[in-house]
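K.L.:
Sharing a structure here in structure tokens format.
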Amino acid sequence: MDYHFKDLESKWQKIWAEDKLYRAVPDKARPKYYVLEMFPYPSGRIHMGHVRNYTIGDVVARYKILQGFQVLHPMGFDAFGQPAENAAIKHKSDPETWTLKCIDWMKQELLRMGFSYDWDREISTCLAEYYRWNQWIFLKMLERGLAYKKASSVNWCPSCETTLANEEVVDGGCWRCHTPVVEKELEQWYLKITAYSDCLLDDLGGLENWPERVIAMQKNWIGKSFGVEIFFKLEKGDILRVFTTRPDTIFGATYVVLAPEHPLVKKLISGKPQEQEVLRFIDRVAKETKLARVAEDVKKEGCFTGAYAVNPVNGEKIPVWVADYVLMEYGTGAIMAVPTHDQRDFLFAKEHGLPMRVVIQPKDQPLVVETMQEAFETEGVMVNSGVFDGQDSSGAKKKISLWMEDKMMGKIAVHWRLRDWLISRQRYWGTPIPVVYCASCGVVGVPEKDLPVVLPKNVTFTGEGGSPLAKVKEFVETKCPKCGKPARRETDTMATFIDSSWYFLRFCSPQCATAPFDKEEAAYWMPVDQYIGGIEHAVLHLLYSRFYTKFLADLGLVAVREPFQRLLTQGMVLKEGEVMSKSRGNIVDPDEIIKNYGADTLRLFILFAAPPEAELDWNDKGMDGAWRFLNRVWRLADGLGTAAGGSRMSSQGLDAVVKKMHQTIKKVTSDMEGGFKFNTAISSIMELVNELYKLTEDEQRSSVAAQAVRVLVVLLAPFVPHICEEMWRMLGNKTSVFKASWPSFDPSLLVEEEATYVVQVNGKVRSRLLLSVDAGEEEVKQAALADPKVREWTAAKAVHKVIVVPKKLVSIVAS
RNA sequence: GCCGGGAUGAUGAAAUUGGCAAACAUAACGGACUUAAAAUCCGUCGGCCGCAAGGCCUUGAGGGUUCAAGUCCCUCUCCCGGCACCA
């Protein structure tokens, strides 16, 4: 009987679904395992990246099922977002119809891959039953001051016509369409993620099973720096606060610089001869795009304000400048400039003829201001620094900070790069922000009992910009929940990253109608034991989810403070070293491959070709190889496997098969436990198959061979479930292979009686010896020295040293 | 500049964490079966020298530690990714 993947795969997909084989059922008496892959945006078609992502998760889920865990492996759709809105404008339809159709197509494709999802738990974030809980969580944040509205300079994508969070700006452009982002002054809603800066950073330390680079990226993004805020007295009694991480250089500050946007600038220059010049400068800087302003080769520009500040440590009066190299968003928007020990200050001082003073001397060659070519930024001995002269600069940092604090000259401070999360979007296809504006009561949150604030359906899309909801009169006009007077609804919607920030909790109890999720269910299933997805979410989604989990934990709704125990970031699928994309025209369509080879072959190729974290170059020949292997296994099951209960014979070949079988169980198990090394797990299964092919026809009819095939089928089942299910039944089993249990190996069968010792003379392999494993060190040593080949190489030499590594190797040093 | 990850046959990749480098597969070549092809099965397959036995060399480059280094340490080159006028 040939391997007809087509009938076989659809047959089992249907039966598995009917039998609800993958239903997740909590059972406190048994260990749980929650495996989750990042859910897709329903674009309508799955691509190879999805296939790889979901195949990895599926193998994990099936392996854990076979290990006897209660497995939760859900799937859903991240269904809000701009593409649906754009498609609606283009096709003159509405985003909901379009999205639901896409979900349907995509689900059919996922079903054809045979993934082990509990489809009863499917969620779509665009449904009111889901997004009402976005609103609910938002209101909880509003109550606690963690959601707030403020006017500020924001990132604006001119093409998407909406604001963007800092995390959504990639290389100065929009993360979705790459259009350069511009700044705009707007009043917008924010979530106070910075309230969690400290634990978002500290808890990274506990994420031992996260990739190093994701941790590093999040650390970078949060950007904690320790330093001092120093108080400089200005004229008219104003105090200028300046942040520095180098308090050890304070005695070398020869001027201070404010960002052009700094609130004190206008006051400082008022009435000064420099006033007009400074105003012109500020105006010019304001017109520059952020990208141009931070461009690397641009010369730093600035001008003198005419004002002076007093350095608190030495009473020195130093000039106050305004310059474009100081950013309002970071620190206090003002710096002290130490040209001798900061390269940017150095260049600026040279350009504008500002004074310089050395306060840190390197240990070898003393610095002279006049001959310095660049700033000296490393540590050394402090000079010109009053009572700190002669001290080591790195050691003095802390002392000088405490001293300044003590003398009220400044205070020890920590600054962060992380900004609050801007969540307002001027788009339609998202969660309405549940807020009402009342002339007498102000900003009023929609009461919980009035949720959800439903997204209206009768909206026309003009593509002209501005929040589409603002044009829907019936939506905008409402009554104030507090006083009952006419009021106006917020017409912006929430950023779609909100939807994915807690969906993993919703999967624990997707039908829960009284809360975002059932506390008990979440207590059982959380945290996600294994999360799998692309590296592109290293900061965005993964940071937001960590924030949400911490907030929900503070509400007492969930016990864990970190959502994802282990994280696997799968590599990209490439074609000839390039990303698959429509514009390159190099897309390999999963549906085509499934049609020609079947889902199992596709899965096997993807799993075997590279470890899951590594990039995977698509290779048609590799597909053929996977296909050949499955056929090879099929013939094995079809031929010798069916001889169950066959003759009880023993032979060398069968002994080898038994040994190999136990080795394979051990290897596959340890590859799965030690980080999902699917490629090597599969290669060891291939070795077992090769061993079975070496048997004679008689040997193949033996019960030993049949047993080996049974084990083989179970070991292979997580990787290629359909063919294994079929083979399992061919072997006479009446229930699913996934009801079987993972085989265990007998360590005693793996113990060798003899070991091959490699014998090295002066580091080179010269001979091999087959010796009993019980041989003592001295015995091994003598045997090695007596070996004729060894004697050839040691003749006329004195043996100085002999090292014996039990069961492995003898190393002889002779000269 | 700072941080993180890499570099191994013609190719994708292995290497029990310091103990026989190249498992498994792909491509290529050879053989068996066949009238022939496909499929299948078996074999060869890092480089150089050699008829062979065997020897020498080989994990981006150079140095070091060690009986022993792809693996540890130092210096350097190149590639990928993140952050960055961050004070």
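Quick note on naming: the chains in the structure tokens go A, B, ... in the order shown, residues restart at 1 in each chain, and ligands are numbered from 1 in order of appearance.
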Output the contact residues of chain A with respect to chain B at a cut-off of 8 Å, based on only C-alpha atoms (C1' of nucleotides), as a PyMOL selection string.

P.N.:
chain A and resi 212-213+216-217+220-221+243-245+294+296+325-326+330-331+335-336+344+417+609-610+621-622+625+680+683-684+686-687+758+762-763+765+801-803+805+808-809+811-813

K.L.:
So that I can check the surroundings of G46 in chain B, please list as a short mmCIF file (atom, residue, chain, number, x, y, z; two decimals) with all heavy atoms, in the first residue's frame every protein, DNA and RNA residue that reaches within 12 Å of it, counting only C-alpha atoms (C1' of nucleotides) and ignoring chain neighbours fewer than 4 positions away.

P.N.:
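Below is the file that was written, result-v5.cif:
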```cif
data_model
loop_
_atom_site.label_atom_id
_atom_site.label_comp_id
_atom_site.auth_asym_id
_atom_site.auth_seq_id
_atom_site.Cartn_x
_atom_site.Cartn_y
_atom_site.Cartn_z
P U B 8 31.13 28.94 8.42
OP1 U B 8 31.65 28.98 7.02
OP2 U B 8 29.70 28.73 8.69
"O5'" U B 8 31.95 27.87 9.23
"C5'" U B 8 33.35 27.72 8.99
"C4'" U B 8 33.79 26.34 9.40
"O4'" U B 8 33.13 25.97 10.63
"C3'" U B 8 33.38 25.23 8.44
"O3'" U B 8 34.32 25.12 7.38
"C2'" U B 8 33.43 24.00 9.34
"O2'" U B 8 34.76 23.55 9.51
"C1'" U B 8 32.93 24.57 10.68
N1 U B 8 31.52 24.28 10.95
C2 U B 8 31.19 22.99 11.33
O2 U B 8 32.01 22.09 11.42
N3 U B 8 29.86 22.78 11.59
C4 U B 8 28.86 23.70 11.51
O4 U B 8 27.71 23.36 11.78
C5 U B 8 29.28 25.02 11.11
C6 U B 8 30.56 25.25 10.84
P G B 9 33.85 25.38 5.91
OP1 G B 9 35.10 25.47 5.11
OP2 G B 9 32.82 26.44 5.77
"O5'" G B 9 33.13 23.98 5.61
"C5'" G B 9 32.75 23.67 4.33
"C4'" G B 9 33.63 22.58 3.76
"O4'" G B 9 33.48 21.41 4.60
"C3'" G B 9 33.23 22.17 2.35
"O3'" G B 9 34.41 21.82 1.64
"C2'" G B 9 32.38 20.94 2.61
"O2'" G B 9 32.34 20.07 1.54
"C1'" G B 9 33.14 20.31 3.78
N9 G B 9 32.31 19.39 4.54
C8 G B 9 32.68 18.12 4.92
N7 G B 9 31.75 17.49 5.58
C5 G B 9 30.71 18.40 5.65
C6 G B 9 29.44 18.28 6.23
O6 G B 9 28.96 17.34 6.84
N1 G B 9 28.68 19.44 6.08
C2 G B 9 29.10 20.58 5.42
N2 G B 9 28.24 21.58 5.36
N3 G B 9 30.29 20.70 4.88
C4 G B 9 31.03 19.58 5.02
P A B 10 34.81 22.58 0.31
OP1 A B 10 35.79 21.71 -0.34
OP2 A B 10 35.15 23.98 0.64
"O5'" A B 10 33.46 22.56 -0.54
"C5'" A B 10 33.36 23.42 -1.67
"C4'" A B 10 31.95 23.38 -2.21
"O4'" A B 10 31.70 22.09 -2.80
"C3'" A B 10 30.83 23.54 -1.20
"O3'" A B 10 30.63 24.88 -0.83
"C2'" A B 10 29.65 22.95 -1.96
"O2'" A B 10 29.16 23.86 -2.91
"C1'" A B 10 30.31 21.78 -2.69
N9 A B 10 30.17 20.51 -1.96
C8 A B 10 31.17 19.68 -1.49
N7 A B 10 30.73 18.59 -0.88
C5 A B 10 29.36 18.71 -0.95
C6 A B 10 28.31 17.88 -0.50
N6 A B 10 28.50 16.74 0.13
N1 A B 10 27.05 18.29 -0.73
C2 A B 10 26.85 19.46 -1.37
N3 A B 10 27.76 20.32 -1.85
C4 A B 10 29.00 19.88 -1.62
P A B 21 40.19 14.10 15.83
OP1 A B 21 40.99 13.86 14.60
OP2 A B 21 40.78 14.68 17.04
"O5'" A B 21 38.93 14.98 15.45
"C5'" A B 21 38.18 14.61 14.31
"C4'" A B 21 36.83 15.23 14.40
"O4'" A B 21 36.97 16.68 14.46
"C3'" A B 21 35.97 14.97 13.18
"O3'" A B 21 35.24 13.77 13.38
"C2'" A B 21 35.06 16.19 13.14
"O2'" A B 21 33.97 16.06 14.03
"C1'" A B 21 35.98 17.30 13.67
N9 A B 21 36.67 18.07 12.64
C8 A B 21 38.00 18.02 12.30
N7 A B 21 38.33 18.87 11.36
C5 A B 21 37.15 19.53 11.09
C6 A B 21 36.83 20.56 10.20
N6 A B 21 37.73 21.14 9.40
N1 A B 21 35.57 20.99 10.16
C2 A B 21 34.67 20.42 10.97
N3 A B 21 34.84 19.44 11.86
C4 A B 21 36.12 19.05 11.87
P A B 22 34.81 12.83 12.19
OP1 A B 22 34.17 11.65 12.77
OP2 A B 22 35.97 12.68 11.27
"O5'" A B 22 33.72 13.71 11.45
"C5'" A B 22 32.46 13.99 12.10
"C4'" A B 22 31.71 14.99 11.27
"O4'" A B 22 32.51 16.17 11.10
"C3'" A B 22 31.41 14.51 9.85
"O3'" A B 22 30.18 13.83 9.87
"C2'" A B 22 31.34 15.82 9.06
"O2'" A B 22 30.03 16.36 9.08
"C1'" A B 22 32.27 16.75 9.85
N9 A B 22 33.55 16.99 9.19
C8 A B 22 34.66 16.20 9.16
N7 A B 22 35.68 16.71 8.50
C5 A B 22 35.18 17.94 8.06
C6 A B 22 35.76 18.97 7.30
N6 A B 22 37.01 18.94 6.83
N1 A B 22 35.01 20.05 7.05
C2 A B 22 33.76 20.09 7.52
N3 A B 22 33.10 19.19 8.25
C4 A B 22 33.88 18.13 8.48
P C B 57 50.55 17.92 10.87
OP1 C B 57 51.32 18.86 11.70
OP2 C B 57 49.80 16.82 11.50
"O5'" C B 57 49.55 18.75 9.96
"C5'" C B 57 50.01 19.92 9.26
"C4'" C B 57 48.97 20.40 8.29
"O4'" C B 57 48.59 19.32 7.38
"C3'" C B 57 47.64 20.83 8.88
"O3'" C B 57 47.70 22.11 9.48
"C2'" C B 57 46.76 20.81 7.64
"O2'" C B 57 47.02 21.90 6.78
"C1'" C B 57 47.24 19.52 6.96
N1 C B 57 46.41 18.35 7.37
C2 C B 57 45.13 18.22 6.79
O2 C B 57 44.76 19.06 5.97
N3 C B 57 44.36 17.17 7.15
C4 C B 57 44.80 16.29 8.04
N4 C B 57 44.00 15.27 8.36
C5 C B 57 46.09 16.40 8.66
C6 C B 57 46.85 17.44 8.29
P U B 58 46.76 22.39 10.77
OP1 U B 58 47.11 23.74 11.26
OP2 U B 58 46.80 21.22 11.68
"O5'" U B 58 45.29 22.45 10.14
"C5'" U B 58 44.96 23.47 9.19
"C4'" U B 58 43.58 23.20 8.65
"O4'" U B 58 43.51 21.88 8.08
"C3'" U B 58 42.46 23.18 9.70
"O3'" U B 58 42.08 24.49 10.05
"C2'" U B 58 41.36 22.42 8.96
"O2'" U B 58 40.71 23.24 8.01
"C1'" U B 58 42.19 21.36 8.21
N1 U B 58 42.22 20.07 8.93
C2 U B 58 41.10 19.26 8.85
O2 U B 58 40.12 19.56 8.22
N3 U B 58 41.18 18.07 9.55
C4 U B 58 42.24 17.63 10.31
O4 U B 58 42.16 16.54 10.88
C5 U B 58 43.37 18.52 10.35
C6 U B 58 43.32 19.68 9.68
P U B 59 41.62 24.78 11.55
OP1 U B 59 42.18 26.10 11.91
OP2 U B 59 41.92 23.60 12.39
"O5'" U B 59 40.05 24.90 11.45
"C5'" U B 59 39.44 25.54 10.34
"C4'" U B 59 37.97 25.74 10.62
"O4'" U B 59 37.40 24.47 11.02
"C3'" U B 59 37.69 26.71 11.77
"O3'" U B 59 36.52 27.44 11.45
"C2'" U B 59 37.40 25.79 12.95
"O2'" U B 59 36.57 26.35 13.91
"C1'" U B 59 36.71 24.63 12.24
N1 U B 59 36.79 23.38 12.99
C2 U B 59 35.62 22.86 13.51
O2 U B 59 34.53 23.38 13.36
N3 U B 59 35.76 21.70 14.23
C4 U B 59 36.93 21.04 14.46
O4 U B 59 36.91 20.01 15.13
C5 U B 59 38.10 21.64 13.89
C6 U B 59 37.99 22.77 13.19
#
```

K.L.:
I need the residues of range 463-521 of chain A that end up classed as alpha helix (DSSP H) by DSSP on the backbone, written out as an mmCIF file with C-alpha atoms, in the first residue's frame.

P.N.:
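Listing of result.cif after writing:
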```cif
data_model
loop_
_atom_site.group_PDB
_atom_site.id
_atom_site.type_symbol
_atom_site.label_atom_id
_atom_site.label_comp_id
_atom_site.auth_asym_id
_atom_site.auth_seq_id
_atom_site.Cartn_x
_atom_site.Cartn_y
_atom_site.Cartn_z
ATOM 1 C CA LYS A 473 -22.948 61.552 15.066
ATOM 2 C CA GLU A 474 -24.850 58.793 16.910
ATOM 3 C CA PHE A 475 -21.575 57.578 18.353
ATOM 4 C CA VAL A 476 -20.097 60.910 19.344
ATOM 5 C CA TYR A 503 -4.722 37.590 24.969
ATOM 6 C CA PHE A 504 -2.722 34.728 26.491
ATOM 7 C CA LEU A 505 -4.837 35.213 29.628
ATOM 8 C CA ARG A 506 -8.080 35.226 27.679
ATOM 9 C CA LYS A 519 -9.089 33.745 37.985
ATOM 10 C CA GLU A 520 -9.137 30.029 38.765
ATOM 11 C CA GLU A 521 -8.501 28.990 35.201
#
```

K.L.:
Within 12 Å of Met141 in chain A, counting only C-alpha atoms (C1' of nucleotides), which residues show up once you throw out same-chain ones fewer than 2 positions away? Write them as number ranges by chain, please.

P.N.:
A: 134-139, 143-148, 189-193, 195, 434, 445, 547-548, 551-552, 554-555

K.L.:
Could you save those same residues with N, CA and C atoms as a PDB file, in the first residue's frame?

P.N.:
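Writing done, so here's part38.pdb:
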```pdb
ATOM      1  N   ASN A 134     -10.622  44.964  26.876  1.00  0.00           N
ATOM      2  CA  ASN A 134      -9.600  46.014  26.678  1.00  0.00           C
ATOM      3  C   ASN A 134     -10.063  47.272  27.381  1.00  0.00           C
ATOM      4  N   GLN A 135     -11.369  47.554  27.198  1.00  0.00           N
ATOM      5  CA  GLN A 135     -11.945  48.760  27.789  1.00  0.00           C
ATOM      6  C   GLN A 135     -11.980  48.666  29.307  1.00  0.00           C
ATOM      7  N   TRP A 136     -12.334  47.491  29.768  1.00  0.00           N
ATOM      8  CA  TRP A 136     -12.416  47.249  31.214  1.00  0.00           C
ATOM      9  C   TRP A 136     -11.056  47.471  31.878  1.00  0.00           C
ATOM     10  N   ILE A 137     -10.009  46.886  31.260  1.00  0.00           N
ATOM     11  CA  ILE A 137      -8.656  47.031  31.821  1.00  0.00           C
ATOM     12  C   ILE A 137      -8.219  48.494  31.761  1.00  0.00           C
ATOM     13  N   PHE A 138      -8.576  49.159  30.647  1.00  0.00           N
ATOM     14  CA  PHE A 138      -8.245  50.583  30.516  1.00  0.00           C
ATOM     15  C   PHE A 138      -8.864  51.386  31.668  1.00  0.00           C
ATOM     16  N   LEU A 139     -10.118  51.085  31.969  1.00  0.00           N
ATOM     17  CA  LEU A 139     -10.801  51.815  33.050  1.00  0.00           C
ATOM     18  C   LEU A 139     -10.145  51.560  34.403  1.00  0.00           C
ATOM     19  N   GLU A 143      -8.681  54.494  36.715  1.00  0.00           N
ATOM     20  CA  GLU A 143      -8.973  54.659  38.149  1.00  0.00           C
ATOM     21  C   GLU A 143      -7.707  54.837  38.965  1.00  0.00           C
ATOM     22  N   ARG A 144      -6.656  54.130  38.558  1.00  0.00           N
ATOM     23  CA  ARG A 144      -5.415  54.146  39.328  1.00  0.00           C
ATOM     24  C   ARG A 144      -4.399  55.162  38.812  1.00  0.00           C
ATOM     25  N   GLY A 145      -4.838  56.009  37.897  1.00  0.00           N
ATOM     26  CA  GLY A 145      -3.930  57.039  37.375  1.00  0.00           C
ATOM     27  C   GLY A 145      -2.884  56.496  36.418  1.00  0.00           C
ATOM     28  N   LEU A 146      -3.071  55.273  35.962  1.00  0.00           N
ATOM     29  CA  LEU A 146      -2.093  54.689  35.047  1.00  0.00           C
ATOM     30  C   LEU A 146      -2.471  54.924  33.585  1.00  0.00           C
ATOM     31  N   ALA A 147      -3.699  55.390  33.353  1.00  0.00           N
ATOM     32  CA  ALA A 147      -4.084  55.848  32.024  1.00  0.00           C
ATOM     33  C   ALA A 147      -4.363  57.333  32.175  1.00  0.00           C
ATOM     34  N   TYR A 148      -3.746  58.141  31.332  1.00  0.00           N
ATOM     35  CA  TYR A 148      -3.930  59.577  31.471  1.00  0.00           C
ATOM     36  C   TYR A 148      -3.803  60.242  30.112  1.00  0.00           C
ATOM     37  N   TRP A 189      -3.939  59.930  24.714  1.00  0.00           N
ATOM     38  CA  TRP A 189      -3.980  59.033  25.861  1.00  0.00           C
ATOM     39  C   TRP A 189      -2.689  58.222  25.982  1.00  0.00           C
ATOM     40  N   TYR A 190      -2.233  58.069  27.224  1.00  0.00           N
ATOM     41  CA  TYR A 190      -1.013  57.316  27.510  1.00  0.00           C
ATOM     42  C   TYR A 190      -1.277  56.288  28.595  1.00  0.00           C
ATOM     43  N   LEU A 191      -0.543  55.190  28.543  1.00  0.00           N
ATOM     44  CA  LEU A 191      -0.528  54.244  29.662  1.00  0.00           C
ATOM     45  C   LEU A 191       0.819  54.379  30.348  1.00  0.00           C
ATOM     46  N   LYS A 192       0.771  54.408  31.664  1.00  0.00           N
ATOM     47  CA  LYS A 192       1.968  54.715  32.436  1.00  0.00           C
ATOM     48  C   LYS A 192       2.845  53.490  32.640  1.00  0.00           C
ATOM     49  N   ILE A 193       3.403  53.016  31.553  1.00  0.00           N
ATOM     50  CA  ILE A 193       4.296  51.848  31.636  1.00  0.00           C
ATOM     51  C   ILE A 193       5.528  52.182  32.475  1.00  0.00           C
ATOM     52  N   ALA A 195       5.647  53.463  35.251  1.00  0.00           N
ATOM     53  CA  ALA A 195       5.449  53.142  36.666  1.00  0.00           C
ATOM     54  C   ALA A 195       6.041  51.772  36.974  1.00  0.00           C
ATOM     55  N   PRO A 434     -12.928  54.038  26.104  1.00  0.00           N
ATOM     56  CA  PRO A 434     -14.212  54.208  26.813  1.00  0.00           C
ATOM     57  C   PRO A 434     -14.248  55.435  27.713  1.00  0.00           C
ATOM     58  N   GLY A 445     -14.798  58.329  32.752  1.00  0.00           N
ATOM     59  CA  GLY A 445     -14.703  56.969  32.251  1.00  0.00           C
ATOM     60  C   GLY A 445     -16.088  56.383  32.103  1.00  0.00           C
ATOM     61  N   PHE A 547       4.240  44.262  30.925  1.00  0.00           N
ATOM     62  CA  PHE A 547       3.626  45.379  31.652  1.00  0.00           C
ATOM     63  C   PHE A 547       2.199  45.021  32.065  1.00  0.00           C
ATOM     64  N   TYR A 548       1.408  44.538  31.123  1.00  0.00           N
ATOM     65  CA  TYR A 548       0.016  44.189  31.417  1.00  0.00           C
ATOM     66  C   TYR A 548      -0.069  43.119  32.495  1.00  0.00           C
ATOM     67  N   PHE A 551       0.521  44.606  35.834  1.00  0.00           N
ATOM     68  CA  PHE A 551      -0.627  45.403  36.274  1.00  0.00           C
ATOM     69  C   PHE A 551      -1.762  44.488  36.745  1.00  0.00           C
ATOM     70  N   LEU A 552      -2.063  43.453  35.955  1.00  0.00           N
ATOM     71  CA  LEU A 552      -3.158  42.542  36.321  1.00  0.00           C
ATOM     72  C   LEU A 552      -2.828  41.759  37.589  1.00  0.00           C
ATOM     73  N   ASP A 554      -1.092  43.090  40.007  1.00  0.00           N
ATOM     74  CA  ASP A 554      -1.334  44.071  41.067  1.00  0.00           C
ATOM     75  C   ASP A 554      -2.823  44.206  41.378  1.00  0.00           C
ATOM     76  N   LEU A 555      -3.663  43.939  40.381  1.00  0.00           N
ATOM     77  CA  LEU A 555      -5.108  43.944  40.630  1.00  0.00           C
ATOM     78  C   LEU A 555      -5.540  42.676  41.360  1.00  0.00           C
TER      79      LEU A 555
END
```

K.L.:
In Å, rounded to a single decimal, give me how far CA of Leu264 in chain A is from CA of Gly333 in chain A.

P.N.:
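If I compute the distance from CA of Gly333 in chain A to CA of Leu264 in chain A, I get 10.3 Å.
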
K.L.:
Pick the closest to Phe226 in chain A from A:Leu455, A:Ile239, A:Ala413, A:Ile318: which is it, counting only C-alpha atoms?

P.N.:
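That would be A:Ala413, the residue with the smallest distance to Phe226 in chain A.
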
K.L.:
Might you pull out every residue within 10 Å of Leu636 in chain A, with only C-alpha atoms (C1' of nucleotides) counted and same-chain residues fewer than 5 positions away left off, and present them as a PyMOL selection string?

P.N.:
chain A and resi 630-631+641-642+689+692-693+700+705-706+709+727

K.L.:
Using N, CA and C atoms, can you write the selected residues to a file as a short mmCIF file (atom, residue, chain, number, x, y, z; two decimals), in the first residue's frame?

P.N.:
```cif
data_model
loop_
_atom_site.label_atom_id
_atom_site.label_comp_id
_atom_site.auth_asym_id
_atom_site.auth_seq_id
_atom_site.Cartn_x
_atom_site.Cartn_y
_atom_site.Cartn_z
N LEU A 630 9.94 9.99 4.59
CA LEU A 630 8.62 9.56 5.05
C LEU A 630 8.18 8.29 4.31
N ASN A 631 8.49 8.21 3.03
CA ASN A 631 8.15 7.02 2.27
C ASN A 631 8.92 5.79 2.77
N GLY A 641 6.56 -3.90 10.12
CA GLY A 641 5.82 -3.56 11.32
C GLY A 641 4.59 -4.41 11.52
N THR A 642 3.94 -4.78 10.41
CA THR A 642 2.69 -5.52 10.51
C THR A 642 2.90 -6.94 10.98
N VAL A 689 16.03 4.28 11.59
CA VAL A 689 15.44 3.76 10.36
C VAL A 689 16.51 3.06 9.52
N LEU A 692 17.21 -0.30 10.86
CA LEU A 692 16.15 -1.27 10.55
C LEU A 692 16.25 -1.75 9.10
N TYR A 693 16.71 -0.87 8.23
CA TYR A 693 16.85 -1.26 6.82
C TYR A 693 17.98 -2.25 6.61
N GLN A 700 13.49 -9.04 9.86
CA GLN A 700 12.43 -8.06 9.77
C GLN A 700 11.08 -8.61 10.24
N ALA A 705 11.78 -6.44 15.75
CA ALA A 705 11.70 -5.39 14.73
C ALA A 705 10.35 -4.66 14.82
N ALA A 706 9.30 -5.43 15.05
CA ALA A 706 7.96 -4.83 15.16
C ALA A 706 7.92 -3.85 16.32
N VAL A 709 9.63 -0.63 15.45
CA VAL A 709 8.82 0.22 14.57
C VAL A 709 7.74 0.94 15.39
N MET A 727 0.07 5.01 10.58
CA MET A 727 0.94 3.84 10.79
C MET A 727 0.62 3.15 12.11
#
```

K.L.:
Could you check the closest approach to Ser124 in chain A for each of A:Phe507, A:Tyr757, A:Tyr428, A:Phe251 and tell me which residue wins, using only C-alpha atoms?

P.N.:
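Using only C-alpha atoms, the shortest distance to Ser124 in chain A belongs to A:Phe507.
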
K.L.:
Out of B:C74, B:A69, B:A32, B:A61, which residue has the shortest atom-to-atom distance to A7 in chain B when counting only C-alpha atoms (C1' of nucleotides)?

P.N.:
B:A61

K.L.:
Go ahead and compute the interatomic distance for CA of Gln365 in chain A and CA of Thr249 in chain A, in Å to one decimal.

P.N.:
18.5 Å

K.L.:
Tell me, in Å to one decimal, how far CA of Asp591 in chain A is from CA of His50 in chain A.

P.N.:
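These atoms are spaced 12.1 Å apart.
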
K.L.:
Please identify all polymer residues within 12 Å of range 273-276 of chain A, counting only C-alpha atoms (C1' of nucleotides), omitting same-chain residues fewer than 2 positions from it, and present them as a list in words.

P.N.:
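Counting only the stated atoms, we get Val265, Lys266, Lys267, Leu268, Ile269, Ser270, Gly271, Val278, Leu279, Arg280, Phe281, Ile282, Asp283, Cys303, Phe304, Thr305, Gly306, Ala307, Val320, Trp321 and Val322 of chain A.
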
K.L.:
Excluding U17 in chain B and any residue of its chain fewer than 4 positions from it, enumerate the residues within 12 Å of it, using only C-alpha atoms (C1' of nucleotides), and give them as a PyMOL selection string.

P.N.:
chain B and resi 70-72
